[in-house]
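K.L.:
Have a look at the structure that comes next, please.
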Amino acid sequence: IGLANPQAMVQAVTAMDAYHKIGWPEAKYNVSQAILFAVESPKSNATAMAIGKAMTIMEGLGAAEVPLHLRDTHYKGSAQLGHEGYKYPHDYPGHYVQQQYLPDKLRDMSFYQATEQGMEDKIRQNQELRKRAKGKK
């Protein structure tokens with residue numbers, strides 16, 4: 001189901017919690033509700049695909065440097081090492097700011113590709129907006 005309906009995980013965990021706290025047979029209603037919620041939910045494996053792609057790339061990549069602006073700045077001398085310049089996204093319109101988050105070796109990589117299924121479609125639309133803002137198609 002993934003991000004096509006993120007509430008499915010909430011339903012499943014809540015049903016498991018009810019089962020452990022109130023036991024069977026009373027929890028059968030909670031469990032069946034979670035099952036039906038999952039059955040009727042839109043489905044997406046985009047997160048699983050992204051994890052697989054990231055793991056494959058990372059296995060072949062070896063070491064990679066964290067961009068300087070993402071490194072810790074809470075110690076004396078961090079600025080001398082170039083550990084400054086992070087842009088806090090919440091300080092920008094739409095809570096988005098264009099900055100590099102991945103190491104240089106992975107700069108232009110994209111792991112997660114949202115589908116048009118359920119809630120994931122909104123994520124996909126946001127991805128498209130960010131691509132356009134960066135000048136990519």
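Residue names in the structure tokens use chain letters A, B, ... in the order shown, residue numbers from 1 in each chain, and ligand numbers from 1 in the order shown.
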Taking only C-alpha atoms into account, produce a table as JSON lines in which each residue of region 28-55 of chain A with an atom at most 12 Å from an atom of region 105-122 of chain A appears once, together with its shortest atom pair and the distance in Å to one decimal, ordered by chain and rising number.
P.N.:
```
{"residue": "A:Glu40", "atom": "CA", "partner": "A:Gly118", "partner_atom": "CA", "distance": 11.2}
{"residue": "A:Ser41", "atom": "CA", "partner": "A:Gly118", "partner_atom": "CA", "distance": 8.0}
{"residue": "A:Pro42", "atom": "CA", "partner": "A:Gly118", "partner_atom": "CA", "distance": 5.6}
{"residue": "A:Lys43", "atom": "CA", "partner": "A:Gln117", "partner_atom": "CA", "distance": 6.6}
{"residue": "A:Ser44", "atom": "CA", "partner": "A:Gln117", "partner_atom": "CA", "distance": 6.6}
{"residue": "A:Asn45", "atom": "CA", "partner": "A:Thr115", "partner_atom": "CA", "distance": 8.8}
{"residue": "A:Ala46", "atom": "CA", "partner": "A:Ala114", "partner_atom": "CA", "distance": 6.0}
{"residue": "A:Thr47", "atom": "CA", "partner": "A:Tyr112", "partner_atom": "CA", "distance": 6.4}
{"residue": "A:Ala48", "atom": "CA", "partner": "A:Tyr112", "partner_atom": "CA", "distance": 8.9}
{"residue": "A:Met49", "atom": "CA", "partner": "A:Tyr112", "partner_atom": "CA", "distance": 7.4}
{"residue": "A:Ala50", "atom": "CA", "partner": "A:Tyr112", "partner_atom": "CA", "distance": 4.7}
{"residue": "A:Ile51", "atom": "CA", "partner": "A:Phe111", "partner_atom": "CA", "distance": 7.5}
{"residue": "A:Gly52", "atom": "CA", "partner": "A:Phe111", "partner_atom": "CA", "distance": 8.8}
{"residue": "A:Lys53", "atom": "CA", "partner": "A:Phe111", "partner_atom": "CA", "distance": 6.3}
{"residue": "A:Ala54", "atom": "CA", "partner": "A:Phe111", "partner_atom": "CA", "distance": 6.2}
{"residue": "A:Met55", "atom": "CA", "partner": "A:Phe111", "partner_atom": "CA", "distance": 9.9}
```
K.L.:
Would you list, as a ChimeraX atom specification, the residues of region 12-78 of chain A that end up in alpha helix (DSSP H) under DSSP run on this structure's backbone?
P.N.:
/A:12-22,28-40,46-61
K.L.:
Could you write out the selected residues, including N, CA and C atoms, as a short mmCIF file (atom, residue, chain, number, x, y, z; two decimals), in the first residue's frame?
P.N.:
```cif
data_model
loop_
_atom_site.label_atom_id
_atom_site.label_comp_id
_atom_site.auth_asym_id
_atom_site.auth_seq_id
_atom_site.Cartn_x
_atom_site.Cartn_y
_atom_site.Cartn_z
N ALA A 12 -3.16 -0.81 10.68
CA ALA A 12 -2.55 -2.11 10.99
C ALA A 12 -1.93 -2.13 12.39
N VAL A 13 -1.19 -1.09 12.72
CA VAL A 13 -0.54 -1.03 14.03
C VAL A 13 -1.58 -0.91 15.14
N THR A 14 -2.62 -0.13 14.89
CA THR A 14 -3.69 0.02 15.88
C THR A 14 -4.40 -1.31 16.11
N ALA A 15 -4.64 -2.05 15.04
CA ALA A 15 -5.28 -3.37 15.17
C ALA A 15 -4.39 -4.33 15.94
N MET A 16 -3.09 -4.30 15.67
CA MET A 16 -2.17 -5.17 16.40
C MET A 16 -2.16 -4.79 17.89
N ASP A 17 -2.15 -3.50 18.16
CA ASP A 17 -2.16 -3.01 19.54
C ASP A 17 -3.44 -3.45 20.24
N ALA A 18 -4.58 -3.32 19.57
CA ALA A 18 -5.85 -3.76 20.15
C ALA A 18 -5.82 -5.26 20.43
N TYR A 19 -5.27 -6.03 19.50
CA TYR A 19 -5.18 -7.48 19.69
C TYR A 19 -4.37 -7.80 20.94
N HIS A 20 -3.25 -7.11 21.13
CA HIS A 20 -2.40 -7.38 22.29
C HIS A 20 -3.02 -6.88 23.58
N LYS A 21 -3.78 -5.81 23.51
CA LYS A 21 -4.34 -5.23 24.74
C LYS A 21 -5.68 -5.83 25.15
N ILE A 22 -6.54 -6.12 24.18
CA ILE A 22 -7.86 -6.64 24.55
C ILE A 22 -8.05 -8.10 24.18
N LYS A 28 -11.19 -9.04 17.07
CA LYS A 28 -11.49 -9.45 15.69
C LYS A 28 -12.09 -8.31 14.87
N TYR A 29 -12.80 -7.41 15.53
CA TYR A 29 -13.38 -6.27 14.82
C TYR A 29 -12.29 -5.30 14.37
N ASN A 30 -11.35 -5.04 15.27
CA ASN A 30 -10.24 -4.15 14.92
C ASN A 30 -9.39 -4.75 13.80
N VAL A 31 -9.12 -6.04 13.92
CA VAL A 31 -8.29 -6.71 12.91
C VAL A 31 -9.01 -6.75 11.56
N SER A 32 -10.31 -7.09 11.58
CA SER A 32 -11.02 -7.12 10.30
C SER A 32 -11.16 -5.74 9.69
N GLN A 33 -11.29 -4.71 10.52
CA GLN A 33 -11.35 -3.34 10.00
C GLN A 33 -10.04 -2.99 9.30
N ALA A 34 -8.92 -3.35 9.92
CA ALA A 34 -7.61 -3.06 9.32
C ALA A 34 -7.43 -3.84 8.02
N ILE A 35 -7.87 -5.07 8.00
CA ILE A 35 -7.76 -5.89 6.79
C ILE A 35 -8.58 -5.27 5.66
N LEU A 36 -9.82 -4.91 5.95
CA LEU A 36 -10.67 -4.31 4.92
C LEU A 36 -10.12 -2.96 4.46
N PHE A 37 -9.58 -2.20 5.39
CA PHE A 37 -8.98 -0.91 5.02
C PHE A 37 -7.85 -1.15 4.03
N ALA A 38 -7.01 -2.15 4.31
CA ALA A 38 -5.88 -2.46 3.42
C ALA A 38 -6.37 -2.97 2.07
N VAL A 39 -7.35 -3.84 2.07
CA VAL A 39 -7.88 -4.40 0.83
C VAL A 39 -8.44 -3.31 -0.07
N GLU A 40 -9.12 -2.34 0.51
CA GLU A 40 -9.77 -1.29 -0.26
C GLU A 40 -8.87 -0.10 -0.56
N ALA A 46 6.20 1.98 -4.71
CA ALA A 46 7.23 2.96 -5.04
C ALA A 46 8.28 3.09 -3.94
N THR A 47 7.86 2.98 -2.67
CA THR A 47 8.86 3.07 -1.59
C THR A 47 9.77 1.86 -1.62
N ALA A 48 9.21 0.68 -1.83
CA ALA A 48 10.03 -0.53 -1.89
C ALA A 48 11.02 -0.44 -3.06
N MET A 49 10.55 0.05 -4.19
CA MET A 49 11.43 0.21 -5.35
C MET A 49 12.55 1.22 -5.07
N ALA A 50 12.22 2.31 -4.39
CA ALA A 50 13.22 3.33 -4.05
C ALA A 50 14.28 2.77 -3.11
N ILE A 51 13.85 1.99 -2.13
CA ILE A 51 14.80 1.38 -1.19
C ILE A 51 15.73 0.43 -1.95
N GLY A 52 15.16 -0.38 -2.82
CA GLY A 52 15.97 -1.31 -3.60
C GLY A 52 16.99 -0.59 -4.47
N LYS A 53 16.55 0.46 -5.14
CA LYS A 53 17.45 1.24 -5.99
C LYS A 53 18.56 1.90 -5.17
N ALA A 54 18.19 2.48 -4.04
CA ALA A 54 19.18 3.13 -3.17
C ALA A 54 20.19 2.12 -2.64
N MET A 55 19.72 0.97 -2.21
CA MET A 55 20.63 -0.07 -1.67
C MET A 55 21.59 -0.54 -2.75
N THR A 56 21.10 -0.78 -3.95
CA THR A 56 21.95 -1.23 -5.05
C THR A 56 23.02 -0.19 -5.37
N ILE A 57 22.62 1.06 -5.45
CA ILE A 57 23.57 2.13 -5.77
C ILE A 57 24.59 2.28 -4.65
N MET A 58 24.14 2.25 -3.41
CA MET A 58 25.05 2.43 -2.28
C MET A 58 26.05 1.29 -2.17
N GLU A 59 25.63 0.06 -2.49
CA GLU A 59 26.55 -1.08 -2.44
C GLU A 59 27.69 -0.90 -3.44
N GLY A 60 27.41 -0.30 -4.57
CA GLY A 60 28.44 -0.12 -5.59
C GLY A 60 29.20 1.18 -5.46
N LEU A 61 28.71 2.08 -4.65
CA LEU A 61 29.30 3.41 -4.56
C LEU A 61 30.53 3.49 -3.69
#
```
K.L.:
Tell me, as a list in words, which residues lie within 12 Å of Leu81 (chain A), counting only C-alpha atoms; anything in the same chain fewer than 4 positions away does not count.
P.N.:
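Returned residues: Pro67, Leu68, His69, Arg71, Asp72, Thr73, Tyr75, Lys76, Gly77 and Gly85 of chain A.
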K.L.:
Could those residues be written to a file, using N, CA and C atoms, as an mmCIF file, in the first residue's frame?
P.N.:
```cif
data_model
loop_
_atom_site.group_PDB
_atom_site.id
_atom_site.type_symbol
_atom_site.label_atom_id
_atom_site.label_comp_id
_atom_site.auth_asym_id
_atom_site.auth_seq_id
_atom_site.Cartn_x
_atom_site.Cartn_y
_atom_site.Cartn_z
ATOM 1 N N PRO A 67 27.649 16.622 1.859
ATOM 2 C CA PRO A 67 27.869 18.022 1.479
ATOM 3 C C PRO A 67 28.200 18.882 2.704
ATOM 4 N N LEU A 68 29.116 19.821 2.528
ATOM 5 C CA LEU A 68 29.601 20.632 3.648
ATOM 6 C C LEU A 68 28.486 21.330 4.406
ATOM 7 N N HIS A 69 27.494 21.859 3.698
ATOM 8 C CA HIS A 69 26.438 22.609 4.377
ATOM 9 C C HIS A 69 25.513 21.735 5.221
ATOM 10 N N ARG A 71 26.820 19.323 7.257
ATOM 11 C CA ARG A 71 27.618 18.830 8.377
ATOM 12 C C ARG A 71 27.375 19.649 9.630
ATOM 13 N N ASP A 72 27.665 19.056 10.757
ATOM 14 C CA ASP A 72 27.424 19.660 12.061
ATOM 15 C C ASP A 72 28.134 20.998 12.209
ATOM 16 N N THR A 73 27.426 21.968 12.776
ATOM 17 C CA THR A 73 28.009 23.302 12.999
ATOM 18 C C THR A 73 27.977 23.683 14.473
ATOM 19 N N TYR A 75 29.956 23.163 16.920
ATOM 20 C CA TYR A 75 31.223 23.133 17.648
ATOM 21 C C TYR A 75 32.136 24.222 17.108
ATOM 22 N N LYS A 76 33.020 24.648 17.963
ATOM 23 C CA LYS A 76 33.961 25.700 17.582
ATOM 24 C C LYS A 76 34.865 25.179 16.469
ATOM 25 N N GLY A 77 35.049 25.968 15.468
ATOM 26 C CA GLY A 77 35.910 25.584 14.353
ATOM 27 C C GLY A 77 35.179 24.978 13.180
ATOM 28 N N GLY A 85 26.175 27.187 5.848
ATOM 29 C CA GLY A 85 25.456 27.475 4.619
ATOM 30 C C GLY A 85 24.176 26.698 4.434
#
```
K.L.:
Which is closer to Asp104 (chain A) than all the others in A:Pro89, A:Asn5, A:Lys134, A:Ala63, using only C-alpha atoms?
P.N.:
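Distance minimum relative to Asp104 (chain A) lands on A:Ala63.
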K.L.:
For Tyr96 (chain A), list every protein, DNA or RNA residue within 12 Å, evaluated using only C-alpha atoms, and leave out those in the same chain fewer than 3 positions away; present the list as a list in words.
P.N.:
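Non-adjacent residues within range: Lys87, Tyr88, Pro89, His90, Asp91, Tyr92, Pro93, Gln99, Asn126, Gln127, Leu129, Arg130, Lys131, Ala133 and Lys134 of chain A.
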K.L.:
Since we have the selection now, will you write its residues out, keeping N, CA, C and O atoms, as a short mmCIF file (atom, residue, chain, number, x, y, z; two decimals), in the first residue's frame?
P.N.:
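Ended up saving to result_30.cif:
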```cif
data_model
loop_
_atom_site.label_atom_id
_atom_site.label_comp_id
_atom_site.auth_asym_id
_atom_site.auth_seq_id
_atom_site.Cartn_x
_atom_site.Cartn_y
_atom_site.Cartn_z
N LYS A 87 20.45 25.87 4.36
CA LYS A 87 19.24 26.68 4.22
C LYS A 87 18.08 25.88 4.82
O LYS A 87 17.75 24.80 4.34
N TYR A 88 17.49 26.43 5.85
CA TYR A 88 16.38 25.78 6.55
C TYR A 88 15.12 25.91 5.69
O TYR A 88 14.61 27.01 5.49
N PRO A 89 14.61 24.80 5.15
CA PRO A 89 13.48 24.86 4.21
C PRO A 89 12.25 25.61 4.75
O PRO A 89 11.54 26.25 3.99
N HIS A 90 12.03 25.54 6.04
CA HIS A 90 10.83 26.18 6.60
C HIS A 90 10.93 27.70 6.61
O HIS A 90 9.94 28.38 6.86
N ASP A 91 12.10 28.22 6.30
CA ASP A 91 12.27 29.67 6.19
C ASP A 91 11.96 30.17 4.78
O ASP A 91 12.10 31.36 4.50
N TYR A 92 11.54 29.29 3.89
CA TYR A 92 11.31 29.64 2.49
C TYR A 92 9.85 29.38 2.09
O TYR A 92 9.19 28.53 2.69
N PRO A 93 9.38 30.08 1.07
CA PRO A 93 7.99 29.86 0.60
C PRO A 93 7.77 28.41 0.21
O PRO A 93 8.63 27.78 -0.42
N GLN A 99 18.60 23.08 -2.62
CA GLN A 99 19.95 22.89 -2.12
C GLN A 99 20.30 21.41 -2.26
O GLN A 99 19.43 20.56 -2.36
N ASN A 126 4.08 17.27 -6.29
CA ASN A 126 5.12 18.08 -5.63
C ASN A 126 6.49 17.82 -6.23
O ASN A 126 7.29 18.74 -6.40
N GLN A 127 6.77 16.56 -6.57
CA GLN A 127 8.04 16.23 -7.23
C GLN A 127 8.15 16.97 -8.56
O GLN A 127 9.20 17.50 -8.89
N LEU A 129 6.66 19.78 -9.42
CA LEU A 129 6.86 21.21 -9.16
C LEU A 129 8.32 21.50 -8.84
O LEU A 129 8.89 22.48 -9.32
N ARG A 130 8.94 20.66 -8.03
CA ARG A 130 10.36 20.88 -7.67
C ARG A 130 11.26 20.70 -8.88
O ARG A 130 12.21 21.45 -9.06
N LYS A 131 10.95 19.73 -9.73
CA LYS A 131 11.74 19.55 -10.96
C LYS A 131 11.65 20.77 -11.84
O LYS A 131 12.65 21.23 -12.38
N ALA A 133 11.00 23.79 -10.86
CA ALA A 133 11.70 24.88 -10.18
C ALA A 133 13.21 24.79 -10.39
O ALA A 133 13.90 25.80 -10.45
N LYS A 134 13.70 23.58 -10.56
CA LYS A 134 15.14 23.38 -10.81
C LYS A 134 15.47 23.52 -12.29
O LYS A 134 16.63 23.48 -12.67
#
```
K.L.:
So what do you get for CA of Val66 (chain A) versus CA of Gly135 (chain A), distance-wise?
P.N.:
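Spanning CA of Val66 (chain A) to CA of Gly135 (chain A) is a straight-line distance of 24.1 Å.
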